[in-house]
There are 2 protein chains.
Amino acid sequence: MSSAPATPRAYHHGALRPALIAAAVATLDEVGPAATSMRAVARRAGVTHAAATYHFGDKAGLLTAVAADGYRMLAEELERAERERHSFLEVGVAYVHFAVTHRAHFEVMFRPELYHRDDPGLLAAAAASARSLYGTSHVEGATLASGVAAWSLVHGIATLWLNGNLPEALGDDPEAITRVVAAYLRPDHRR
Amino acid sequence: MSSAPATPRAYHHGALRPALIAAAVATLDEVGPAATSMRAVARRAGVTHAAATYHFGDKAGLLTAVAADGYRMLAEELERAERERHSFLEVGVAYVHFAVTHRAHFEVMFRPELYHRDDPGLLAAAAASARSLYGTSHVEGATLASGVAAWSLVHGIATLWLNGNLPEALGDDPEAITRVVAAYLRPDHRR
DNA sequence: CCCCCGATCTTGTCAATGGAAAGATTGCGG
DNA sequence: CCGCAATCTTTCCATTGACAAGATCGGGGG
């Protein structure tokens, strides 16, 4: 009866690909992108590093999958914020919230030298995120610039926060900081 | 007479430390921080990898020197912009200009996991940069938040530009983009 | 004047890494 | 039921960062 343990550890894992991605995210969260190695990720997933190479080609391929997942999740969170809060500011807050709660994904996403920029799946996911950020209207000129201003502001807050570069006097809640700091954007571009 | 060639290549280099830093910056500019190795930097400087280890302790030590140089140069450029242009906006433009023209320094500076954050020389240089950014007045509350807003905005523009994430419709001049985008900051916090 | 000592740089070694090649194992379709 | 392709392992190689030990140089004290 007990011929099949809880984790069969069969020769064929069955779902190694997502398991490796999860292991990569966990490792990235613990030691950061620089110190994350294919072998450590594979060890965490219980396989050899060559198994990871088989599924993703190379290290950049693995991180490409992580980045694509990140863009998908970001698009979803931004859309939900837009849908539920109906506020441009709260979309920005959601952006910072994503960066802080999904640090591994976020850091990989904005370090293009780590992954394959031309991956089709990644490009599609990134485009979806951009749509959520700028809104559904692909406008030019002033509206585009205002969207970039809002994105740059929250992106700056997120990266500076993650690197520990924001003054301590602002407190330790990045979302609250976003609300305070974003107040210095001109309000006339909000919906 | 010709016993001393142009570059003596003596056993003692004479100024290996700054030469290694320059080689590191050149390598960083060419292949990025991830692919920069101690050995490649040492090769470029014409010495063995162990020579670099002797002068900087480890790889993080070398990058600490690069980051400290970067903070010193940034502080200088920001102060000059403030002195010559008398405009808060132009200080932000100078920030983006620094990031684009000193990409190697900038990328290392804001990747703290790459260097020794507690290095005294680095801390001093970073503090000088922060002073130039926020102005000489160390105020709290609203003024601090407005300074962080301006910093976050230009930092976001700089990092997004360096990663190629800004829409192409904005053009290819990051300083011009900064002037356009920064217009969406409330003007009441400028001097 | 000369030698010694410390600063500087090299050689050699080691474990870990990414990648590639080749082989082992498995399960599925014909 | 069998062959075959997908999946995973083993093995190997060049490179890297770090460390230890040795070689070389230069300047100051005797």
# chains A, B, ... in the order shown; residues from 1 in each chain; ligands from 1
call {"tool": "interface_residues", "arguments": {"of": "chain D", "to": "chain B", "cutoff": "8 Å", "atoms": "only C-alpha atoms (C1' of nucleotides)", "output": "JSON, numbers by chain"}}
result
{"D": [16, 17, 18, 24, 25]}
call {"tool": "interface_residues", "arguments": {"of": "chain C", "to": "chain A", "cutoff": "10 Å", "atoms": "only C-alpha atoms (C1' of nucleotides)", "output": "list in words"}}
result
DA16, DT17, DG18, DG19, DA20, DT25, DT26 and DG27 of chain C
call {"tool": "residues_around", "arguments": {"residues": "region 72-78 of chain A", "least_positions_apart": "6", "cutoff": "12 Å", "atoms": "only C-alpha atoms (C1' of nucleotides)", "output": "ChimeraX atom specification"}}
result
/A:65-66,84-103,105-106,109,121-135,151
call {"tool": "write_last_selection", "arguments": {"atoms": "C-alpha atoms", "output": "compact mmCIF listing (two decimals), in the first residue's frame"}}
result
# COMPACT_ATOMS: atom_id res chain seq x y z
CA ALA A 65 9.90 32.72 -16.60
CA VAL A 66 10.06 34.46 -13.23
CA GLU A 84 -12.05 48.23 -6.93
CA ARG A 85 -10.66 51.60 -5.91
CA HIS A 86 -11.36 53.70 -9.00
CA SER A 87 -8.40 55.86 -8.17
CA PHE A 88 -5.23 56.55 -10.09
CA LEU A 89 -3.40 57.08 -6.82
CA GLU A 90 -4.46 53.68 -5.56
CA VAL A 91 -3.12 52.06 -8.71
CA GLY A 92 0.22 53.60 -7.79
CA VAL A 93 -0.13 52.32 -4.25
CA ALA A 94 -0.85 48.87 -5.67
CA TYR A 95 2.31 49.14 -7.75
CA VAL A 96 4.43 49.80 -4.66
CA HIS A 97 2.55 47.09 -2.77
CA PHE A 98 3.42 44.61 -5.48
CA ALA A 99 7.10 45.59 -5.44
CA VAL A 100 7.31 45.13 -1.67
CA THR A 101 5.31 41.92 -1.41
CA HIS A 102 6.82 40.33 -4.52
CA ARG A 103 10.35 41.58 -4.23
CA HIS A 105 9.68 39.11 -9.12
CA PHE A 106 10.00 42.87 -9.11
CA MET A 109 11.57 42.25 -13.91
CA GLY A 121 5.42 35.25 -23.34
CA LEU A 122 7.32 37.84 -21.41
CA LEU A 123 6.62 40.56 -23.96
CA ALA A 124 2.91 39.83 -23.85
CA ALA A 125 2.82 39.94 -20.06
CA ALA A 126 4.85 43.15 -19.98
CA ALA A 127 2.50 44.75 -22.47
CA ALA A 128 -0.46 43.81 -20.29
CA SER A 129 1.19 45.48 -17.33
CA ALA A 130 1.89 48.61 -19.32
CA ARG A 131 -1.76 48.76 -20.38
CA SER A 132 -2.86 48.55 -16.77
CA LEU A 133 -0.44 51.25 -15.80
CA TYR A 134 -1.31 53.75 -18.48
CA GLY A 135 -4.97 52.88 -18.57
CA TRP A 151 4.82 55.54 -13.13
call {"tool": "select_by_dssp", "arguments": {"residues": "region 5-186 of chain A", "states": "alpha helix (DSSP H)", "output": "tab-separated table (two decimals) with N, CA and C atoms, in the first residue's frame"}}
result
chain	number	residue	atom	x	y	z
A	16	LEU	N	7.70	19.78	-12.81
A	16	LEU	CA	8.98	20.34	-12.41
A	16	LEU	C	9.09	21.82	-12.77
A	17	ARG	N	8.59	22.16	-13.91
A	17	ARG	CA	8.74	23.54	-14.37
A	17	ARG	C	8.21	24.55	-13.36
A	18	PRO	N	6.92	24.47	-12.99
A	18	PRO	CA	6.43	25.42	-11.99
A	18	PRO	C	7.14	25.26	-10.64
A	19	ALA	N	7.53	24.03	-10.30
A	19	ALA	CA	8.23	23.83	-9.04
A	19	ALA	C	9.57	24.55	-9.05
A	20	LEU	N	10.24	24.51	-10.19
A	20	LEU	CA	11.53	25.20	-10.29
A	20	LEU	C	11.35	26.72	-10.21
A	21	ILE	N	10.28	27.20	-10.83
A	21	ILE	CA	10.02	28.64	-10.75
A	21	ILE	C	9.76	29.05	-9.31
A	22	ALA	N	8.97	28.24	-8.61
A	22	ALA	CA	8.70	28.55	-7.20
A	22	ALA	C	9.98	28.51	-6.38
A	23	ALA	N	10.82	27.51	-6.65
A	23	ALA	CA	12.08	27.42	-5.93
A	23	ALA	C	12.96	28.62	-6.24
A	24	ALA	N	12.93	29.07	-7.48
A	24	ALA	CA	13.72	30.24	-7.86
A	24	ALA	C	13.25	31.48	-7.11
A	25	VAL	N	11.93	31.65	-7.04
A	25	VAL	CA	11.39	32.82	-6.34
A	25	VAL	C	11.79	32.77	-4.87
A	26	ALA	N	11.69	31.61	-4.26
A	26	ALA	CA	12.07	31.49	-2.85
A	26	ALA	C	13.54	31.81	-2.65
A	27	THR	N	14.37	31.29	-3.52
A	27	THR	CA	15.81	31.55	-3.40
A	27	THR	C	16.11	33.03	-3.64
A	28	LEU	N	15.47	33.60	-4.64
A	28	LEU	CA	15.67	35.03	-4.92
A	28	LEU	C	15.29	35.87	-3.71
A	29	ASP	N	14.21	35.50	-3.06
A	29	ASP	CA	13.77	36.25	-1.89
A	29	ASP	C	14.78	36.15	-0.75
A	30	GLU	N	15.43	35.01	-0.67
A	30	GLU	CA	16.34	34.80	0.47
A	30	GLU	C	17.70	35.44	0.26
A	31	VAL	N	18.27	35.25	-0.92
A	31	VAL	CA	19.66	35.68	-1.11
A	31	VAL	C	19.82	36.74	-2.19
A	38	MET	N	21.61	28.54	-10.33
A	38	MET	CA	20.81	27.46	-10.89
A	38	MET	C	20.87	26.23	-9.99
A	39	ARG	N	22.06	25.90	-9.55
A	39	ARG	CA	22.23	24.69	-8.76
A	39	ARG	C	21.48	24.76	-7.44
A	40	ALA	N	21.50	25.92	-6.79
A	40	ALA	CA	20.78	26.07	-5.53
A	40	ALA	C	19.27	25.93	-5.76
A	41	VAL	N	18.80	26.52	-6.83
A	41	VAL	CA	17.37	26.42	-7.15
A	41	VAL	C	16.99	24.97	-7.41
A	42	ALA	N	17.81	24.30	-8.20
A	42	ALA	CA	17.52	22.90	-8.52
A	42	ALA	C	17.57	22.05	-7.26
A	43	ARG	N	18.55	22.29	-6.40
A	43	ARG	CA	18.63	21.54	-5.14
A	43	ARG	C	17.35	21.72	-4.33
A	44	ARG	N	16.87	22.96	-4.26
A	44	ARG	CA	15.66	23.22	-3.49
A	44	ARG	C	14.48	22.45	-4.06
A	45	ALA	N	14.46	22.29	-5.35
A	45	ALA	CA	13.37	21.56	-5.99
A	45	ALA	C	13.62	20.05	-5.97
A	49	HIS	N	20.96	20.23	-11.34
A	49	HIS	CA	20.95	21.51	-12.06
A	49	HIS	C	20.69	21.31	-13.55
A	50	ALA	N	21.08	20.15	-14.06
A	50	ALA	CA	20.87	19.90	-15.49
A	50	ALA	C	19.37	19.80	-15.81
A	51	ALA	N	18.59	19.40	-14.83
A	51	ALA	CA	17.14	19.36	-15.06
A	51	ALA	C	16.59	20.76	-15.30
A	52	ALA	N	17.09	21.69	-14.53
A	52	ALA	CA	16.66	23.08	-14.73
A	52	ALA	C	17.11	23.58	-16.09
A	53	THR	N	18.32	23.23	-16.47
A	53	THR	CA	18.80	23.63	-17.79
A	53	THR	C	17.92	23.05	-18.89
A	54	TYR	N	17.50	21.81	-18.69
A	54	TYR	CA	16.65	21.18	-19.70
A	54	TYR	C	15.36	21.97	-19.88
A	55	HIS	N	14.75	22.40	-18.79
A	55	HIS	CA	13.45	23.06	-18.88
A	55	HIS	C	13.55	24.52	-19.31
A	56	PHE	N	14.64	25.18	-18.97
A	56	PHE	CA	14.72	26.62	-19.23
A	56	PHE	C	15.88	27.01	-20.13
A	59	LYS	N	20.26	29.93	-17.32
A	59	LYS	CA	19.84	30.70	-16.16
A	59	LYS	C	18.92	31.84	-16.57
A	60	ALA	N	19.27	32.52	-17.64
A	60	ALA	CA	18.43	33.62	-18.11
A	60	ALA	C	17.03	33.11	-18.47
A	61	GLY	N	16.95	31.89	-18.98
A	61	GLY	CA	15.64	31.34	-19.31
A	61	GLY	C	14.78	31.15	-18.07
A	62	LEU	N	15.39	30.68	-17.00
A	62	LEU	CA	14.65	30.52	-15.75
A	62	LEU	C	14.15	31.87	-15.25
A	63	LEU	N	15.03	32.86	-15.27
A	63	LEU	CA	14.63	34.19	-14.78
A	63	LEU	C	13.63	34.84	-15.72
A	64	THR	N	13.66	34.47	-16.99
A	64	THR	CA	12.65	34.96	-17.92
A	64	THR	C	11.26	34.50	-17.48
A	65	ALA	N	11.18	33.24	-17.08
A	65	ALA	CA	9.90	32.72	-16.60
A	65	ALA	C	9.44	33.44	-15.34
A	66	VAL	N	10.40	33.72	-14.45
A	66	VAL	CA	10.06	34.46	-13.23
A	66	VAL	C	9.54	35.85	-13.59
A	67	ALA	N	10.25	36.53	-14.49
A	67	ALA	CA	9.85	37.88	-14.87
A	67	ALA	C	8.47	37.87	-15.51
A	68	ALA	N	8.22	36.90	-16.39
A	68	ALA	CA	6.92	36.83	-17.05
A	68	ALA	C	5.80	36.63	-16.03
A	69	ASP	N	6.04	35.70	-15.09
A	69	ASP	CA	5.06	35.52	-14.01
A	69	ASP	C	4.84	36.83	-13.27
A	70	GLY	N	5.91	37.54	-13.01
A	70	GLY	CA	5.82	38.81	-12.30
A	70	GLY	C	4.97	39.81	-13.07
A	71	TYR	N	5.20	39.92	-14.36
A	71	TYR	CA	4.41	40.88	-15.15
A	71	TYR	C	2.94	40.49	-15.16
A	72	ARG	N	2.67	39.20	-15.23
A	72	ARG	CA	1.27	38.76	-15.20
A	72	ARG	C	0.62	39.13	-13.87
A	73	MET	N	1.32	38.84	-12.79
A	73	MET	CA	0.76	39.15	-11.48
A	73	MET	C	0.58	40.65	-11.29
A	74	LEU	N	1.57	41.41	-11.76
A	74	LEU	CA	1.47	42.87	-11.62
A	74	LEU	C	0.27	43.41	-12.38
A	75	ALA	N	0.09	42.94	-13.61
A	75	ALA	CA	-1.05	43.40	-14.40
A	75	ALA	C	-2.36	43.11	-13.67
A	76	GLU	N	-2.42	41.91	-13.10
A	76	GLU	CA	-3.65	41.53	-12.40
A	76	GLU	C	-3.91	42.44	-11.20
A	77	GLU	N	-2.87	42.69	-10.42
A	77	GLU	CA	-3.05	43.52	-9.22
A	77	GLU	C	-3.41	44.96	-9.58
A	78	LEU	N	-2.80	45.46	-10.65
A	78	LEU	CA	-3.11	46.83	-11.05
A	78	LEU	C	-4.55	46.93	-11.54
A	79	GLU	N	-4.96	45.92	-12.31
A	79	GLU	CA	-6.34	45.94	-12.81
A	79	GLU	C	-7.35	45.86	-11.66
A	80	ARG	N	-7.01	45.06	-10.68
A	80	ARG	CA	-7.93	44.95	-9.55
A	80	ARG	C	-8.01	46.26	-8.78
A	81	ALA	N	-6.86	46.90	-8.58
A	81	ALA	CA	-6.87	48.18	-7.88
A	81	ALA	C	-7.72	49.20	-8.64
A	82	GLU	N	-7.53	49.22	-9.96
A	82	GLU	CA	-8.30	50.14	-10.79
A	82	GLU	C	-9.79	49.84	-10.68
A	83	ARG	N	-10.12	48.55	-10.67
A	83	ARG	CA	-11.52	48.13	-10.67
A	83	ARG	C	-12.18	48.41	-9.32
A	84	GLU	N	-11.43	48.15	-8.25
A	84	GLU	CA	-12.05	48.23	-6.93
A	84	GLU	C	-11.95	49.60	-6.28
A	85	ARG	N	-10.87	50.33	-6.62
A	85	ARG	CA	-10.66	51.60	-5.91
A	85	ARG	C	-11.01	52.80	-6.78
A	88	PHE	N	-6.55	56.64	-9.47
A	88	PHE	CA	-5.23	56.55	-10.09
A	88	PHE	C	-4.16	56.41	-9.01
A	89	LEU	N	-4.36	57.17	-7.92
A	89	LEU	CA	-3.40	57.08	-6.82
A	89	LEU	C	-3.30	55.68	-6.28
A	90	GLU	N	-4.47	55.02	-6.15
A	90	GLU	CA	-4.46	53.68	-5.56
A	90	GLU	C	-3.84	52.65	-6.49
A	91	VAL	N	-3.86	52.93	-7.79
A	91	VAL	CA	-3.12	52.06	-8.71
A	91	VAL	C	-1.63	52.18	-8.42
A	92	GLY	N	-1.18	53.40	-8.16
A	92	GLY	CA	0.22	53.60	-7.79
A	92	GLY	C	0.56	52.90	-6.48
A	93	VAL	N	-0.34	53.00	-5.54
A	93	VAL	CA	-0.13	52.32	-4.25
A	93	VAL	C	-0.03	50.81	-4.48
A	94	ALA	N	-0.89	50.30	-5.36
A	94	ALA	CA	-0.85	48.87	-5.67
A	94	ALA	C	0.48	48.49	-6.30
A	95	TYR	N	1.01	49.39	-7.10
A	95	TYR	CA	2.31	49.14	-7.75
A	95	TYR	C	3.39	48.97	-6.68
A	96	VAL	N	3.43	49.88	-5.74
A	96	VAL	CA	4.43	49.80	-4.66
A	96	VAL	C	4.16	48.56	-3.81
A	97	HIS	N	2.89	48.28	-3.55
A	97	HIS	CA	2.55	47.09	-2.77
A	97	HIS	C	3.07	45.83	-3.44
A	98	PHE	N	2.92	45.77	-4.75
A	98	PHE	CA	3.42	44.61	-5.48
A	98	PHE	C	4.94	44.50	-5.34
A	99	ALA	N	5.63	45.62	-5.51
A	99	ALA	CA	7.10	45.59	-5.44
A	99	ALA	C	7.56	45.08	-4.08
A	100	VAL	N	6.87	45.49	-3.02
A	100	VAL	CA	7.31	45.13	-1.67
A	100	VAL	C	6.94	43.69	-1.33
A	101	THR	N	5.77	43.26	-1.78
A	101	THR	CA	5.31	41.92	-1.41
A	101	THR	C	5.78	40.86	-2.40
A	103	ARG	N	9.03	40.99	-3.98
A	103	ARG	CA	10.35	41.58	-4.23
A	103	ARG	C	11.14	40.80	-5.28
A	104	ALA	N	11.12	39.47	-5.16
A	104	ALA	CA	11.90	38.65	-6.09
A	104	ALA	C	11.47	38.93	-7.53
A	105	HIS	N	10.16	38.84	-7.78
A	105	HIS	CA	9.68	39.11	-9.12
A	105	HIS	C	10.06	40.51	-9.58
A	106	PHE	N	9.79	41.48	-8.73
A	106	PHE	CA	10.00	42.87	-9.11
A	106	PHE	C	11.45	43.14	-9.47
A	107	GLU	N	12.36	42.62	-8.65
A	107	GLU	CA	13.78	42.90	-8.90
A	107	GLU	C	14.24	42.26	-10.21
A	108	VAL	N	13.75	41.10	-10.50
A	108	VAL	CA	14.15	40.46	-11.77
A	108	VAL	C	13.54	41.22	-12.94
A	109	MET	N	12.27	41.58	-12.81
A	109	MET	CA	11.57	42.25	-13.91
A	109	MET	C	12.32	43.48	-14.41
A	120	PRO	N	8.57	35.79	-26.18
A	120	PRO	CA	7.20	36.20	-26.54
A	120	PRO	C	6.27	36.27	-25.34
A	121	GLY	N	6.30	35.25	-24.51
A	121	GLY	CA	5.42	35.25	-23.34
A	121	GLY	C	5.69	36.42	-22.43
A	122	LEU	N	6.96	36.72	-22.26
A	122	LEU	CA	7.32	37.84	-21.41
A	122	LEU	C	6.85	39.16	-22.01
A	123	LEU	N	7.03	39.32	-23.31
A	123	LEU	CA	6.62	40.56	-23.96
A	123	LEU	C	5.12	40.78	-23.81
A	124	ALA	N	4.36	39.70	-23.98
A	124	ALA	CA	2.91	39.83	-23.85
A	124	ALA	C	2.52	40.25	-22.44
A	125	ALA	N	3.15	39.61	-21.45
A	125	ALA	CA	2.82	39.94	-20.06
A	125	ALA	C	3.23	41.37	-19.73
A	126	ALA	N	4.39	41.79	-20.24
A	126	ALA	CA	4.85	43.15	-19.98
A	126	ALA	C	3.91	44.16	-20.61
A	127	ALA	N	3.43	43.83	-21.81
A	127	ALA	CA	2.50	44.75	-22.47
A	127	ALA	C	1.21	44.88	-21.68
A	128	ALA	N	0.76	43.76	-21.11
A	128	ALA	CA	-0.46	43.81	-20.29
A	128	ALA	C	-0.26	44.72	-19.08
A	129	SER	N	0.90	44.62	-18.47
A	129	SER	CA	1.19	45.48	-17.33
A	129	SER	C	1.19	46.94	-17.74
A	130	ALA	N	1.82	47.23	-18.86
A	130	ALA	CA	1.89	48.61	-19.32
A	130	ALA	C	0.48	49.17	-19.56
A	131	ARG	N	-0.38	48.32	-20.15
A	131	ARG	CA	-1.76	48.76	-20.38
A	131	ARG	C	-2.44	49.12	-19.06
A	132	SER	N	-2.23	48.28	-18.05
A	132	SER	CA	-2.86	48.55	-16.77
A	132	SER	C	-2.31	49.82	-16.14
A	133	LEU	N	-1.05	50.07	-16.39
A	133	LEU	CA	-0.44	51.25	-15.80
A	133	LEU	C	-0.95	52.52	-16.45
A	134	TYR	N	-0.94	52.54	-17.76
A	134	TYR	CA	-1.31	53.75	-18.48
A	134	TYR	C	-2.81	53.89	-18.65
A	141	GLY	N	1.31	62.51	-26.26
A	141	GLY	CA	1.49	63.87	-25.76
A	141	GLY	C	1.33	63.99	-24.27
A	142	ALA	N	0.52	64.93	-23.87
A	142	ALA	CA	0.42	65.30	-22.47
A	142	ALA	C	-0.01	64.13	-21.59
A	143	THR	N	-0.99	63.36	-22.04
A	143	THR	CA	-1.49	62.29	-21.20
A	143	THR	C	-0.44	61.21	-21.00
A	144	LEU	N	0.30	60.93	-22.09
A	144	LEU	CA	1.38	59.96	-21.97
A	144	LEU	C	2.41	60.44	-20.95
A	145	ALA	N	2.77	61.71	-21.05
A	145	ALA	CA	3.77	62.24	-20.13
A	145	ALA	C	3.29	62.17	-18.69
A	146	SER	N	2.02	62.44	-18.47
A	146	SER	CA	1.51	62.40	-17.10
A	146	SER	C	1.50	60.97	-16.58
A	147	GLY	N	1.20	60.02	-17.46
A	147	GLY	CA	1.26	58.63	-17.05
A	147	GLY	C	2.66	58.21	-16.70
A	148	VAL	N	3.61	58.64	-17.51
A	148	VAL	CA	5.01	58.32	-17.23
A	148	VAL	C	5.45	58.98	-15.93
A	149	ALA	N	4.96	60.17	-15.68
A	149	ALA	CA	5.31	60.84	-14.42
A	149	ALA	C	4.84	60.02	-13.23
A	150	ALA	N	3.58	59.55	-13.31
A	150	ALA	CA	3.05	58.76	-12.20
A	150	ALA	C	3.82	57.45	-12.06
A	151	TRP	N	4.10	56.81	-13.18
A	151	TRP	CA	4.82	55.54	-13.13
A	151	TRP	C	6.23	55.75	-12.58
A	152	SER	N	6.92	56.78	-13.09
A	152	SER	CA	8.28	57.03	-12.63
A	152	SER	C	8.29	57.30	-11.13
A	153	LEU	N	7.31	58.05	-10.66
A	153	LEU	CA	7.28	58.38	-9.24
A	153	LEU	C	7.13	57.12	-8.40
A	154	VAL	N	6.14	56.30	-8.70
A	154	VAL	CA	5.93	55.11	-7.86
A	154	VAL	C	7.07	54.10	-8.08
A	155	HIS	N	7.61	54.06	-9.29
A	155	HIS	CA	8.74	53.15	-9.51
A	155	HIS	C	9.96	53.61	-8.71
A	156	GLY	N	10.17	54.92	-8.67
A	156	GLY	CA	11.26	55.45	-7.87
A	156	GLY	C	11.07	55.14	-6.40
A	157	ILE	N	9.87	55.34	-5.90
A	157	ILE	CA	9.58	55.04	-4.50
A	157	ILE	C	9.86	53.57	-4.22
A	158	ALA	N	9.37	52.71	-5.10
A	158	ALA	CA	9.52	51.27	-4.89
A	158	ALA	C	11.00	50.87	-4.85
A	159	THR	N	11.76	51.32	-5.84
A	159	THR	CA	13.16	50.89	-5.90
A	159	THR	C	13.97	51.50	-4.75
A	160	LEU	N	13.72	52.76	-4.46
A	160	LEU	CA	14.46	53.38	-3.37
A	160	LEU	C	14.11	52.71	-2.04
A	161	TRP	N	12.85	52.35	-1.88
A	161	TRP	CA	12.45	51.66	-0.66
A	161	TRP	C	13.14	50.29	-0.56
A	162	LEU	N	13.11	49.56	-1.63
A	162	LEU	CA	13.70	48.22	-1.61
A	162	LEU	C	15.20	48.29	-1.31
A	174	PRO	N	5.67	51.49	3.26
A	174	PRO	CA	5.87	52.03	1.91
A	174	PRO	C	4.58	52.50	1.24
A	175	GLU	N	3.47	51.84	1.57
A	175	GLU	CA	2.22	52.28	0.94
A	175	GLU	C	1.78	53.63	1.49
A	176	ALA	N	1.94	53.81	2.80
A	176	ALA	CA	1.61	55.11	3.38
A	176	ALA	C	2.53	56.19	2.80
A	177	ILE	N	3.80	55.85	2.66
A	177	ILE	CA	4.74	56.80	2.08
A	177	ILE	C	4.29	57.18	0.67
A	178	THR	N	3.83	56.19	-0.07
A	178	THR	CA	3.38	56.48	-1.44
A	178	THR	C	2.24	57.49	-1.43
A	179	ARG	N	1.30	57.28	-0.55
A	179	ARG	CA	0.16	58.20	-0.50
A	179	ARG	C	0.61	59.62	-0.16
A	180	VAL	N	1.56	59.72	0.76
A	180	VAL	CA	2.04	61.05	1.15
A	180	VAL	C	2.84	61.69	0.02
A	181	VAL	N	3.75	60.93	-0.52
A	181	VAL	CA	4.66	61.49	-1.53
A	181	VAL	C	3.92	61.78	-2.83
call {"tool": "atom_distance", "arguments": {"atom1": "CA of Thr48 (chain B)", "atom2": "C1' of DG22 (chain D)"}}
result
14.9 Å
call {"tool": "residues_around", "arguments": {"residues": "DG6 (chain C)", "least_positions_apart": "3", "cutoff": "12 Å", "atoms": "only C-alpha atoms (C1' of nucleotides)", "output": "ChimeraX atom specification"}}
result
/D:25-28
call {"tool": "write_last_selection", "arguments": {"atoms": "C-alpha atoms (C1' of nucleotides)", "output": "mmCIF file, in the first residue's frame"}}
result
data_model
loop_
_atom_site.group_PDB
_atom_site.id
_atom_site.type_symbol
_atom_site.label_atom_id
_atom_site.label_comp_id
_atom_site.auth_asym_id
_atom_site.auth_seq_id
_atom_site.Cartn_x
_atom_site.Cartn_y
_atom_site.Cartn_z
ATOM 1 C "C1'" DC D 25 60.801 45.430 -4.949
ATOM 2 C "C1'" DG D 26 61.934 49.756 -2.412
ATOM 3 C "C1'" DG D 27 63.193 52.550 1.314
ATOM 4 C "C1'" DG D 28 65.162 53.356 5.841
#
call {"tool": "closest_residue", "arguments": {"among": "B:Glu168, B:Arg111, B:Val47, B:Ala15", "to": "chain A", "atoms": "only C-alpha atoms"}}
result
B:Arg111
